[in-house]
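Peer 1: Structure file target10.cif, mmCIF, C-alpha atoms (C1' of nucleotides), is pasted below:
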```
data_query
loop_
_atom_site.group_PDB
_atom_site.id
_atom_site.type_symbol
_atom_site.label_atom_id
_atom_site.label_comp_id
_atom_site.auth_asym_id
_atom_site.auth_seq_id
_atom_site.Cartn_x
_atom_site.Cartn_y
_atom_site.Cartn_z
ATOM 1 C CA MET T 1 0.000 0.000 0.000
ATOM 2 C CA ASN T 2 2.444 2.602 -1.232
ATOM 3 C CA LEU T 3 0.797 5.773 -2.469
ATOM 4 C CA ASP T 4 3.727 6.521 -4.761
ATOM 5 C CA HIS T 5 3.132 3.283 -6.611
ATOM 6 C CA THR T 6 -0.627 3.620 -6.522
ATOM 7 C CA PHE T 7 -0.778 7.107 -7.980
ATOM 8 C CA ALA T 8 1.977 6.351 -10.492
ATOM 9 C CA ALA T 9 0.031 3.310 -11.638
ATOM 10 C CA LEU T 10 -3.117 5.401 -12.019
ATOM 11 C CA ALA T 11 -1.279 8.037 -14.042
ATOM 12 C CA ASP T 12 -1.291 5.965 -17.219
ATOM 13 C CA PRO T 13 -4.442 5.941 -19.378
ATOM 14 C CA THR T 14 -3.891 2.366 -20.563
ATOM 15 C CA ARG T 15 -3.695 1.206 -16.966
ATOM 16 C CA ARG T 16 -6.790 3.179 -15.996
ATOM 17 C CA ALA T 17 -8.622 1.616 -18.921
ATOM 18 C CA ILE T 18 -7.498 -1.816 -17.759
ATOM 19 C CA LEU T 19 -8.804 -1.091 -14.270
ATOM 20 C CA ALA T 20 -12.069 0.201 -15.697
ATOM 21 C CA ARG T 21 -12.398 -3.013 -17.677
ATOM 22 C CA LEU T 22 -11.655 -5.060 -14.577
ATOM 23 C CA ALA T 23 -14.299 -3.217 -12.609
ATOM 24 C CA LEU T 24 -16.779 -4.972 -14.896
ATOM 25 C CA GLY T 25 -15.355 -8.343 -13.937
ATOM 26 C CA GLU T 26 -12.181 -10.391 -14.013
ATOM 27 C CA ALA T 27 -10.466 -11.145 -17.310
ATOM 28 C CA THR T 28 -7.453 -12.906 -18.776
ATOM 29 C CA VAL T 29 -4.379 -11.087 -20.010
ATOM 30 C CA GLY T 30 -5.416 -11.731 -23.601
ATOM 31 C CA GLU T 31 -8.868 -10.288 -23.026
ATOM 32 C CA LEU T 32 -7.348 -7.224 -21.434
ATOM 33 C CA SER T 33 -4.901 -6.834 -24.323
ATOM 34 C CA ALA T 34 -7.494 -7.017 -27.074
ATOM 35 C CA PRO T 35 -8.830 -3.430 -26.996
ATOM 36 C CA PHE T 36 -5.376 -1.861 -27.090
ATOM 37 C CA PRO T 37 -3.167 -1.188 -30.082
ATOM 38 C CA ILE T 38 -0.020 -2.069 -28.163
ATOM 39 C CA SER T 39 1.943 -5.288 -27.958
ATOM 40 C CA GLY T 40 1.406 -8.121 -25.490
ATOM 41 C CA PRO T 41 4.641 -7.457 -23.633
ATOM 42 C CA ALA T 42 3.600 -3.834 -23.151
ATOM 43 C CA ILE T 43 0.337 -4.977 -21.564
ATOM 44 C CA SER T 44 2.244 -7.488 -19.477
ATOM 45 C CA ARG T 45 4.339 -4.675 -18.098
ATOM 46 C CA HIS T 46 1.319 -2.535 -17.348
ATOM 47 C CA LEU T 47 -0.103 -5.466 -15.438
ATOM 48 C CA ARG T 48 3.123 -5.787 -13.539
ATOM 49 C CA VAL T 49 2.972 -2.134 -12.569
ATOM 50 C CA LEU T 50 -0.635 -2.571 -11.447
ATOM 51 C CA GLU T 51 0.297 -5.666 -9.483
ATOM 52 C CA GLU T 52 3.235 -3.955 -7.786
ATOM 53 C CA ALA T 53 0.837 -1.173 -6.860
ATOM 54 C CA ALA T 54 -1.428 -3.869 -5.376
ATOM 55 C CA LEU T 55 -4.250 -2.727 -7.625
ATOM 56 C CA ILE T 56 -4.750 -6.148 -9.204
ATOM 57 C CA GLU T 57 -4.181 -9.795 -8.399
ATOM 58 C CA ARG T 58 -3.207 -12.529 -10.801
ATOM 59 C CA GLN T 59 -4.368 -16.075 -10.487
ATOM 60 C CA LYS T 60 -2.964 -18.873 -12.587
ATOM 61 C CA ASP T 61 -5.656 -20.768 -14.427
ATOM 62 C CA GLY T 62 -4.125 -23.337 -16.725
ATOM 63 C CA GLN T 63 -2.627 -21.611 -19.692
ATOM 64 C CA HIS T 64 -4.267 -18.328 -18.733
ATOM 65 C CA ARG T 65 -3.858 -15.870 -15.942
ATOM 66 C CA ARG T 66 -7.014 -14.551 -14.471
ATOM 67 C CA ILE T 67 -6.725 -10.905 -13.434
ATOM 68 C CA ARG T 68 -8.994 -9.269 -10.920
ATOM 69 C CA LEU T 69 -9.184 -6.000 -9.059
ATOM 70 C CA ALA T 70 -7.659 -5.737 -5.599
ATOM 71 C CA PRO T 71 -9.339 -2.502 -4.656
ATOM 72 C CA ALA T 72 -7.715 -1.882 -1.281
ATOM 73 C CA ALA T 73 -4.876 0.070 -2.858
ATOM 74 C CA MET T 74 -7.240 2.288 -4.788
ATOM 75 C CA ALA T 75 -9.171 2.869 -1.595
ATOM 76 C CA GLY T 76 -5.879 3.996 -0.049
ATOM 77 C CA ALA T 77 -5.461 6.593 -2.779
ATOM 78 C CA ALA T 78 -9.047 7.749 -2.372
ATOM 79 C CA GLU T 79 -8.488 8.074 1.358
ATOM 80 C CA TRP T 80 -5.422 10.241 0.898
ATOM 81 C CA ILE T 81 -7.368 12.577 -1.343
ATOM 82 C CA GLU T 82 -10.324 12.668 1.027
ATOM 83 C CA ALA T 83 -8.107 13.377 4.021
ATOM 84 C CA GLN T 84 -6.581 16.167 2.013
ATOM 85 C CA ARG T 85 -9.986 17.541 1.206
ATOM 86 C CA ALA T 86 -11.058 17.312 4.826
ATOM 87 C CA TYR T 87 -8.104 19.427 5.879
ATOM 88 C CA TRP T 88 -8.578 21.881 3.086
ATOM 89 C CA SER T 89 -12.284 22.367 3.696
ATOM 90 C CA GLY T 90 -11.519 22.645 7.390
ATOM 91 C CA THR T 91 -9.173 25.491 6.521
ATOM 92 C CA LEU T 92 -11.906 27.151 4.536
ATOM 93 C CA ASP T 93 -14.314 26.769 7.427
ATOM 94 C CA ARG T 94 -11.772 28.363 9.728
ATOM 95 C CA LEU T 95 -11.194 31.102 7.190
ATOM 96 C CA ASN T 96 -14.914 31.781 6.895
ATOM 97 C CA GLU T 97 -15.242 31.912 10.645
ATOM 98 C CA HIS T 98 -12.292 34.251 10.885
ATOM 99 C CA LEU T 99 -13.693 36.545 8.231
ATOM 100 C CA LYS T 100 -17.108 36.615 9.893
ATOM 101 C CA LYS T 101 -15.485 37.636 13.120
ATOM 102 C CA THR T 102 -13.116 40.249 11.746
ATOM 103 C CA SER T 103 -14.901 41.951 8.837
ATOM 104 C CA GLN T 104 -18.346 42.988 7.676
ATOM 105 C CA ASP T 105 -18.389 41.898 4.030
ATOM 106 C CA GLY T 106 -16.061 38.968 3.290
ATOM 107 C CA GLY T 107 -16.260 35.298 4.031
ATOM 108 C CA GLY T 108 -18.671 34.289 1.310
ATOM 109 C CA THR T 109 -16.522 31.719 -0.541
ATOM 110 C CA THR T 110 -18.630 28.636 -1.074
ATOM 111 C CA HIS T 111 -17.358 25.135 -0.989
ATOM 112 C CA ASP T 112 -18.873 21.651 -1.102
ATOM 113 C CA MET G 1 -8.307 18.671 -15.794
ATOM 114 C CA ASN G 2 -6.224 15.844 -17.224
ATOM 115 C CA LEU G 3 -6.185 12.745 -15.042
ATOM 116 C CA ASP G 4 -2.810 11.700 -16.443
ATOM 117 C CA HIS G 5 -1.266 14.881 -15.126
ATOM 118 C CA THR G 6 -3.215 14.816 -11.896
ATOM 119 C CA PHE G 7 -2.276 11.290 -10.899
ATOM 120 C CA ALA G 8 1.305 11.737 -12.078
ATOM 121 C CA ALA G 9 1.562 14.860 -9.944
ATOM 122 C CA LEU G 10 0.189 12.984 -6.940
ATOM 123 C CA ALA G 11 2.659 10.142 -7.431
ATOM 124 C CA ASP G 12 5.562 12.074 -5.922
ATOM 125 C CA PRO G 13 5.893 12.233 -2.119
ATOM 126 C CA THR G 14 7.462 15.692 -2.159
ATOM 127 C CA ARG G 15 4.520 16.997 -4.151
ATOM 128 C CA ARG G 16 2.012 15.284 -1.870
ATOM 129 C CA ALA G 17 3.751 16.854 1.114
ATOM 130 C CA ILE G 18 3.553 20.251 -0.574
ATOM 131 C CA LEU G 19 -0.156 19.771 -1.131
ATOM 132 C CA ALA G 20 -0.617 18.659 2.458
ATOM 133 C CA ARG G 21 1.179 21.802 3.593
ATOM 134 C CA LEU G 22 -0.994 23.927 1.336
ATOM 135 C CA ALA G 23 -4.147 22.363 2.737
ATOM 136 C CA LEU G 24 -3.229 24.196 5.939
ATOM 137 C CA GLY G 25 -3.134 27.502 4.093
ATOM 138 C CA GLU G 26 -1.346 29.298 1.294
ATOM 139 C CA ALA G 27 2.421 29.771 1.389
ATOM 140 C CA THR G 28 5.297 31.232 -0.574
ATOM 141 C CA VAL G 29 7.744 29.129 -2.557
ATOM 142 C CA GLY G 30 10.391 29.702 0.097
ATOM 143 C CA GLU G 31 8.084 28.542 2.866
ATOM 144 C CA LEU G 32 7.230 25.453 0.886
ATOM 145 C CA SER G 33 10.895 24.751 0.204
ATOM 146 C CA ALA G 34 12.030 24.999 3.798
ATOM 147 C CA PRO G 35 11.049 21.528 5.058
ATOM 148 C CA PHE G 36 12.722 19.698 2.178
ATOM 149 C CA PRO G 37 16.362 18.742 1.760
ATOM 150 C CA ILE G 38 16.294 19.469 -1.958
ATOM 151 C CA SER G 39 17.322 22.554 -3.900
ATOM 152 C CA GLY G 40 15.115 25.528 -4.750
ATOM 153 C CA PRO G 41 15.040 24.716 -8.439
ATOM 154 C CA ALA G 42 13.857 21.200 -7.641
ATOM 155 C CA ILE G 43 10.961 22.635 -5.647
ATOM 156 C CA SER G 44 10.251 25.116 -8.409
ATOM 157 C CA ARG G 45 9.876 22.231 -10.816
ATOM 158 C CA HIS G 46 7.590 20.337 -8.476
ATOM 159 C CA LEU G 47 5.446 23.440 -8.298
ATOM 160 C CA ARG G 48 5.391 23.622 -12.051
ATOM 161 C CA VAL G 49 4.208 20.029 -12.252
ATOM 162 C CA LEU G 50 1.508 20.779 -9.692
ATOM 163 C CA GLU G 51 0.471 23.871 -11.603
ATOM 164 C CA GLU G 52 0.321 22.043 -14.923
ATOM 165 C CA ALA G 53 -1.852 19.486 -13.196
ATOM 166 C CA ALA G 54 -4.056 22.385 -12.061
ATOM 167 C CA LEU G 55 -3.557 21.366 -8.447
ATOM 168 C CA ILE G 56 -2.186 24.734 -7.373
ATOM 169 C CA GLU G 57 -2.325 28.373 -8.420
ATOM 170 C CA ARG G 58 0.462 30.915 -8.190
ATOM 171 C CA GLN G 59 -0.127 34.538 -7.496
ATOM 172 C CA LYS G 60 2.612 37.111 -7.794
ATOM 173 C CA ASP G 61 3.034 39.117 -4.625
ATOM 174 C CA GLY G 62 5.984 41.483 -4.883
ATOM 175 C CA GLN G 63 9.145 39.485 -4.638
ATOM 176 C CA HIS G 64 7.258 36.397 -3.575
ATOM 177 C CA ARG G 65 4.853 34.034 -5.222
ATOM 178 C CA ARG G 66 1.919 33.027 -3.140
ATOM 179 C CA ILE G 67 0.873 29.435 -3.767
ATOM 180 C CA ARG G 68 -2.550 28.091 -2.967
ATOM 181 C CA LEU G 69 -4.514 24.923 -3.587
ATOM 182 C CA ALA G 70 -6.781 24.694 -6.606
ATOM 183 C CA PRO G 71 -8.637 21.613 -5.483
ATOM 184 C CA ALA G 72 -10.839 21.026 -8.537
ATOM 185 C CA ALA G 73 -8.208 18.828 -10.155
ATOM 186 C CA MET G 74 -7.858 16.698 -7.053
ATOM 187 C CA ALA G 75 -11.631 16.382 -6.933
ATOM 188 C CA GLY G 76 -11.436 15.097 -10.503
ATOM 189 C CA ALA G 77 -9.035 12.362 -9.418
ATOM 190 C CA ALA G 78 -11.236 11.469 -6.467
ATOM 191 C CA GLU G 79 -14.228 11.256 -8.768
ATOM 192 C CA TRP G 80 -12.488 8.874 -11.118
ATOM 193 C CA ILE G 81 -11.644 6.597 -8.222
ATOM 194 C CA GLU G 82 -15.151 6.809 -6.805
ATOM 195 C CA ALA G 83 -16.727 6.071 -10.193
ATOM 196 C CA GLN G 84 -14.427 3.111 -10.404
ATOM 197 C CA ARG G 85 -15.475 1.935 -6.984
ATOM 198 C CA ALA G 86 -19.130 2.404 -7.843
ATOM 199 C CA TYR G 87 -18.764 0.121 -10.838
ATOM 200 C CA TRP G 88 -16.766 -2.407 -8.957
ATOM 201 C CA SER G 89 -19.122 -2.598 -6.010
ATOM 202 C CA GLY G 90 -22.002 -2.739 -8.473
ATOM 203 C CA THR G 91 -20.336 -5.775 -9.960
ATOM 204 C CA LEU G 92 -20.034 -7.339 -6.558
ATOM 205 C CA ASP G 93 -23.682 -6.622 -5.809
ATOM 206 C CA ARG G 94 -24.652 -8.260 -9.067
ATOM 207 C CA LEU G 95 -22.413 -11.187 -8.234
ATOM 208 C CA ASN G 96 -23.936 -11.573 -4.798
ATOM 209 C CA GLU G 97 -27.407 -11.454 -6.261
ATOM 210 C CA HIS G 98 -26.488 -13.996 -8.868
ATOM 211 C CA LEU G 99 -25.004 -16.330 -6.281
ATOM 212 C CA LYS G 100 -28.045 -15.993 -4.060
ATOM 213 C CA LYS G 101 -30.253 -16.943 -6.955
ATOM 214 C CA THR G 102 -28.182 -19.822 -8.280
ATOM 215 C CA SER G 103 -26.625 -21.593 -5.292
ATOM 216 C CA GLN G 104 -27.282 -22.444 -1.677
ATOM 217 C CA ASP G 105 -23.973 -21.628 0.002
ATOM 218 C CA GLY G 106 -22.007 -18.910 -1.838
ATOM 219 C CA GLY G 107 -22.446 -15.195 -2.133
ATOM 220 C CA GLY G 108 -20.917 -14.167 1.148
ATOM 221 C CA THR G 109 -18.127 -11.939 -0.161
ATOM 222 C CA THR G 110 -18.156 -8.728 1.803
ATOM 223 C CA HIS G 111 -17.302 -5.370 0.445
ATOM 224 C CA ASP G 112 -17.398 -1.748 1.655
ATOM 225 C "C1'" DC E 1 22.490 52.507 -8.846
ATOM 226 C "C1'" DT E 2 24.214 48.617 -6.414
ATOM 227 C "C1'" DT E 3 23.460 44.879 -3.577
ATOM 228 C "C1'" DG E 4 20.729 41.233 -1.487
ATOM 229 C "C1'" DT E 5 16.667 38.121 -1.661
ATOM 230 C "C1'" DA E 6 13.131 35.235 -4.044
ATOM 231 C "C1'" DT E 7 12.239 32.620 -7.758
ATOM 232 C "C1'" DT E 8 12.749 30.777 -12.383
ATOM 233 C "C1'" DT E 9 15.341 29.056 -16.365
ATOM 234 C "C1'" DA E 10 19.253 26.532 -18.601
ATOM 235 C "C1'" DA E 11 22.256 22.796 -19.144
ATOM 236 C "C1'" DC E 12 23.280 18.591 -17.735
ATOM 237 C "C1'" DA E 13 23.576 13.626 -15.567
ATOM 238 C "C1'" DA E 14 21.332 9.578 -13.538
ATOM 239 C "C1'" DA E 15 17.478 6.915 -13.294
ATOM 240 C "C1'" DG E 16 12.918 5.478 -14.602
ATOM 241 C "C1'" DT E 17 9.086 4.637 -18.050
ATOM 242 C "C1'" DT E 18 7.039 2.798 -22.124
ATOM 243 C "C1'" DG E 19 7.145 0.985 -26.152
ATOM 244 C "C1'" DT E 20 9.340 -2.350 -29.621
ATOM 245 C "C1'" DT E 21 10.885 -7.265 -31.401
ATOM 246 C "C1'" DA E 22 12.980 -11.716 -30.362
ATOM 247 C "C1'" DT E 23 13.253 -15.364 -27.127
ATOM 248 C "C1'" DT E 24 11.614 -18.317 -23.384
ATOM 249 C "C1'" DT E 25 8.398 -20.869 -20.452
ATOM 250 C "C1'" DA E 26 4.309 -23.383 -19.581
ATOM 251 C "C1'" DA E 27 0.044 -25.620 -20.676
ATOM 252 C "C1'" DC E 28 -2.763 -27.699 -24.150
ATOM 253 C "C1'" DA E 29 -4.027 -30.574 -28.291
ATOM 254 C "C1'" DT E 30 -2.922 -33.781 -31.774
ATOM 255 C "C1'" DA V 1 7.014 -35.888 -29.362
ATOM 256 C "C1'" DT V 2 5.360 -31.674 -31.947
ATOM 257 C "C1'" DG V 3 3.191 -27.779 -32.824
ATOM 258 C "C1'" DT V 4 0.097 -24.030 -30.981
ATOM 259 C "C1'" DT V 5 -1.404 -20.690 -27.807
ATOM 260 C "C1'" DA V 6 -0.923 -17.632 -23.531
ATOM 261 C "C1'" DA V 7 1.993 -15.043 -21.084
ATOM 262 C "C1'" DA V 8 6.437 -13.450 -19.270
ATOM 263 C "C1'" DT V 9 11.270 -12.037 -19.832
ATOM 264 C "C1'" DA V 10 15.381 -9.941 -22.226
ATOM 265 C "C1'" DA V 11 17.549 -6.520 -24.731
ATOM 266 C "C1'" DC V 12 17.156 -2.291 -26.594
ATOM 267 C "C1'" DA V 13 15.688 2.685 -28.160
ATOM 268 C "C1'" DA V 14 13.177 6.977 -27.260
ATOM 269 C "C1'" DC V 15 11.471 9.815 -23.998
ATOM 270 C "C1'" DT V 16 10.469 11.670 -19.377
ATOM 271 C "C1'" DT V 17 11.510 12.633 -14.598
ATOM 272 C "C1'" DT V 18 14.141 14.386 -10.894
ATOM 273 C "C1'" DG V 19 17.833 16.035 -9.083
ATOM 274 C "C1'" DT V 20 22.166 19.018 -9.448
ATOM 275 C "C1'" DT V 21 24.817 23.745 -10.084
ATOM 276 C "C1'" DA V 22 25.254 28.125 -12.524
ATOM 277 C "C1'" DA V 23 23.057 31.985 -14.643
ATOM 278 C "C1'" DA V 24 19.090 35.038 -15.372
ATOM 279 C "C1'" DT V 25 15.135 37.856 -13.846
ATOM 280 C "C1'" DA V 26 12.631 40.723 -10.834
ATOM 281 C "C1'" DC V 27 11.688 43.099 -6.884
ATOM 282 C "C1'" DA V 28 13.347 45.554 -2.462
ATOM 283 C "C1'" DA V 29 16.220 48.515 0.085
ATOM 284 C "C1'" DG V 30 20.104 51.166 1.353
#
```
Mind converting the file's structure to C-alpha cells?
Peer 2:
Amino acid sequence: MNLDHTFAALADPTRRAILARLALGEATVGELSAPFPISGPAISRHLRVLEEAALIERQKDGQHRRIRLAPAAMAGAAEWIEAQRAYWSGTLDRLNEHLKKTSQDGGGTTHD
Amino acid sequence: MNLDHTFAALADPTRRAILARLALGEATVGELSAPFPISGPAISRHLRVLEEAALIERQKDGQHRRIRLAPAAMAGAAEWIEAQRAYWSGTLDRLNEHLKKTSQDGGGTTHD
DNA sequence: CTTGTATTTAACAAAGTTGTTATTTAACAT
DNA sequence: ATGTTAAATAACAACTTTGTTAAATACAAG
C-alpha cells in the first residue's frame, strides 16, 4: 500500500482503462490486451505495474492468468485525497469563521 | 483537468507533502521549500508540475509568489476513483445477487 | 544605482518509463 | 514428441523525470 506506486500506476491511461475493464469483472491477459493497439509485452508490463501497486491480483488458471481487481490500494489513494480535502475544507471553514469575526463583508466563498 | 497529469503529480511524495502543507493555508515558494532537503530549483519544478496538473495556483506578490490549492483537479481524481469503486461494487452486488439466486452456500463476499 | 533576496530558467547527468521485437516458459491438443 | 497458444522475460531505443549547479530575472532597500 504505497501511495507513490498507486498514484503512479493510475497516471497511465492504458492502466486506468485496464482497471475500468476489470471493474466490470475479471479477465485474462489476452482479453485485457485485445482493446489496445499495443503489444502483449507492453500490456504485461502494465499489469506488472498494477500488481506492484497492489491494484490487481493474478491467479494462474491453466494456460491463462485470471486478473482481478484488488481494490484496497485504490481505496488507499481515495483516502489520501479525502483526508486532504477534509483538511482543506476545514481550513476554509476556519477562514470563513475568521472573516465573519473580523470583517463585515467577506467570508462568502462557497465550498462543497 | 487531465487525469494523467493529476495522478502523475500525486505520485511524488514531495509533491504530496507540498499539497498537504498547502491544505493548511497558502504559502510562498520559500516557505514550501524549507522543510525539504532538496534545492530551490527542484521545488520550483515540483510546483510547475503541480500547476500544470491544475492542483495549485500561483499569485505574484511582490518578490514572492503566493501558492494556494486549486482543489478542482484533485476532486477530478477522487471522482475517477469513486466512479471506479461504484462500478466495482455494483459488480459485486450483481455477483452476490447472482449467487443468491443460483446456489445455496455462496455469495458471502463482503465489500465496503 | 548597487546589492541582497526570491524565484525561475538553462544545461546537464542519472534513473525510470514505455514501447518495440525476439526469445523463453508453460500448458494444451494432436 | 510436436506444434500451438498464452503469457512473461530480455535486450534495446526513445522519452520523461528528478535532481544538481550556474546563470538570469525581478523586486526591495540602502
Peer 1: Find the residues of chain E that sit at most 8 Å from chain G; for each, write down the nearest two atoms and how far apart they are in Å, to one decimal. Count all atoms listed in the file. Sort by chain, then by number going up, and give it as a Markdown table.
Peer 2:
```
| residue | atom | partner | partner_atom | distance |
| --- | --- | --- | --- | --- |
| E:DA6 | C1' | G:Gln63 | CA | 5.9 |
| E:DT7 | C1' | G:His64 | CA | 7.5 |
| E:DT8 | C1' | G:Ser44 | CA | 7.4 |
```
Peer 1: Neighbours of range 10-27 of chain V within 10 Å (all atoms listed in the file; same-chain residues fewer than 5 positions away dropped), as a PDB file with C-alpha atoms (C1' of nucleotides), keeping the file's coordinate frame?
Peer 2:
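Dumped to selection_18.pdb:
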```pdb
ATOM      1  CA  ILE G  38      16.294  19.469  -1.958  1.00  0.00           C
ATOM      2  CA  SER G  39      17.322  22.554  -3.900  1.00  0.00           C
ATOM      3  CA  PRO G  41      15.040  24.716  -8.439  1.00  0.00           C
ATOM      4  CA  ALA G  42      13.857  21.200  -7.641  1.00  0.00           C
ATOM      5  CA  ARG G  45       9.876  22.231 -10.816  1.00  0.00           C
ATOM      6  CA  HIS G  46       7.590  20.337  -8.476  1.00  0.00           C
ATOM      7  CA  ASP G  61       3.034  39.117  -4.625  1.00  0.00           C
ATOM      8  CA  GLY G  62       5.984  41.483  -4.883  1.00  0.00           C
ATOM      9  CA  GLN G  63       9.145  39.485  -4.638  1.00  0.00           C
ATOM     10  CA  HIS G  64       7.258  36.397  -3.575  1.00  0.00           C
TER      11      HIS G  64
ATOM     12  C1'  DT E   5      16.667  38.121  -1.661  1.00  0.00           C
ATOM     13  C1'  DA E   6      13.131  35.235  -4.044  1.00  0.00           C
ATOM     14  C1'  DT E   7      12.239  32.620  -7.758  1.00  0.00           C
ATOM     15  C1'  DT E   8      12.749  30.777 -12.383  1.00  0.00           C
ATOM     16  C1'  DT E   9      15.341  29.056 -16.365  1.00  0.00           C
ATOM     17  C1'  DA E  10      19.253  26.532 -18.601  1.00  0.00           C
ATOM     18  C1'  DA E  11      22.256  22.796 -19.144  1.00  0.00           C
ATOM     19  C1'  DC E  12      23.280  18.591 -17.735  1.00  0.00           C
ATOM     20  C1'  DA E  13      23.576  13.626 -15.567  1.00  0.00           C
ATOM     21  C1'  DA E  14      21.332   9.578 -13.538  1.00  0.00           C
ATOM     22  C1'  DA E  15      17.478   6.915 -13.294  1.00  0.00           C
ATOM     23  C1'  DG E  16      12.918   5.478 -14.602  1.00  0.00           C
ATOM     24  C1'  DT E  17       9.086   4.637 -18.050  1.00  0.00           C
ATOM     25  C1'  DT E  18       7.039   2.798 -22.124  1.00  0.00           C
ATOM     26  C1'  DG E  19       7.145   0.985 -26.152  1.00  0.00           C
ATOM     27  C1'  DT E  20       9.340  -2.350 -29.621  1.00  0.00           C
ATOM     28  C1'  DT E  21      10.885  -7.265 -31.401  1.00  0.00           C
ATOM     29  C1'  DA E  22      12.980 -11.716 -30.362  1.00  0.00           C
ATOM     30  C1'  DT E  23      13.253 -15.364 -27.127  1.00  0.00           C
ATOM     31  C1'  DT E  24      11.614 -18.317 -23.384  1.00  0.00           C
TER      32       DT E  24
END
```
Peer 1: Can you turn the PyMOL selection byres ((chain G) within 9 of (chain T)) into a concrete residue list for this file, as a PyMOL selection string?
Peer 2: chain G and resi 3-13+19-20+22-25+69+71+74-75+77-79+81-82+84-92
Peer 1: Since we have the selection now, will you write its residues out, keeping C-alpha atoms, as a tab-separated table (two decimals), keeping the file's coordinate frame?
Peer 2:
```tsv
chain	number	residue	atom	x	y	z
G	3	LEU	CA	-6.18	12.74	-15.04
G	4	ASP	CA	-2.81	11.70	-16.44
G	5	HIS	CA	-1.27	14.88	-15.13
G	6	THR	CA	-3.22	14.82	-11.90
G	7	PHE	CA	-2.28	11.29	-10.90
G	8	ALA	CA	1.30	11.74	-12.08
G	9	ALA	CA	1.56	14.86	-9.94
G	10	LEU	CA	0.19	12.98	-6.94
G	11	ALA	CA	2.66	10.14	-7.43
G	12	ASP	CA	5.56	12.07	-5.92
G	13	PRO	CA	5.89	12.23	-2.12
G	19	LEU	CA	-0.16	19.77	-1.13
G	20	ALA	CA	-0.62	18.66	2.46
G	22	LEU	CA	-0.99	23.93	1.34
G	23	ALA	CA	-4.15	22.36	2.74
G	24	LEU	CA	-3.23	24.20	5.94
G	25	GLY	CA	-3.13	27.50	4.09
G	69	LEU	CA	-4.51	24.92	-3.59
G	71	PRO	CA	-8.64	21.61	-5.48
G	74	MET	CA	-7.86	16.70	-7.05
G	75	ALA	CA	-11.63	16.38	-6.93
G	77	ALA	CA	-9.04	12.36	-9.42
G	78	ALA	CA	-11.24	11.47	-6.47
G	79	GLU	CA	-14.23	11.26	-8.77
G	81	ILE	CA	-11.64	6.60	-8.22
G	82	GLU	CA	-15.15	6.81	-6.80
G	84	GLN	CA	-14.43	3.11	-10.40
G	85	ARG	CA	-15.48	1.94	-6.98
G	86	ALA	CA	-19.13	2.40	-7.84
G	87	TYR	CA	-18.76	0.12	-10.84
G	88	TRP	CA	-16.77	-2.41	-8.96
G	89	SER	CA	-19.12	-2.60	-6.01
G	90	GLY	CA	-22.00	-2.74	-8.47
G	91	THR	CA	-20.34	-5.78	-9.96
G	92	LEU	CA	-20.03	-7.34	-6.56
```
Peer 1: Quote the spacing between CA of Ser33 in chain T and CA of Leu55 in chain T in Å to one decimal place.
Peer 2: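 Spanning CA of Ser33 in chain T to CA of Leu55 in chain T is a straight-line distance of 17.2 Å.
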Peer 1: What does the distance from CA of Met1 in chain G to CA of Ile56 in chain G come to in Å, to one decimal?
Peer 2: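 Those two atoms sit 12.0 Å apart.
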Peer 1: Show me, as an MDAnalysis selection string, the residues that have an atom within 12 Å of DT3 in chain E when counting all atoms listed in the file, minus same-chain residues fewer than 6 positions from it.
Peer 2: chainID V and resid 28:30
Peer 1: Please, what distance in Å, to one decimal, runs between CA of Arg58 in chain G and CA of Ala27 in chain G?
Peer 2: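 CA of Ala27 in chain G lies at a distance of 9.8 Å from CA of Arg58 in chain G.
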Peer 1: Looking at G:Gly76, G:Glu52, G:Glu31, G:Thr14, which one is nearest to chain V, with distances taken over all atoms listed in the file?
Peer 2: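 For chain V, the nearest of the candidates is G:Thr14.
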Peer 1: Starting from the displayed file, determine the output of the PyMOL selection byres ((chain V) within 12 of (chain T)) and express the residue list as JSON, numbers by chain.
Peer 2: {"V": [4, 5, 6, 7, 8, 9, 10]}
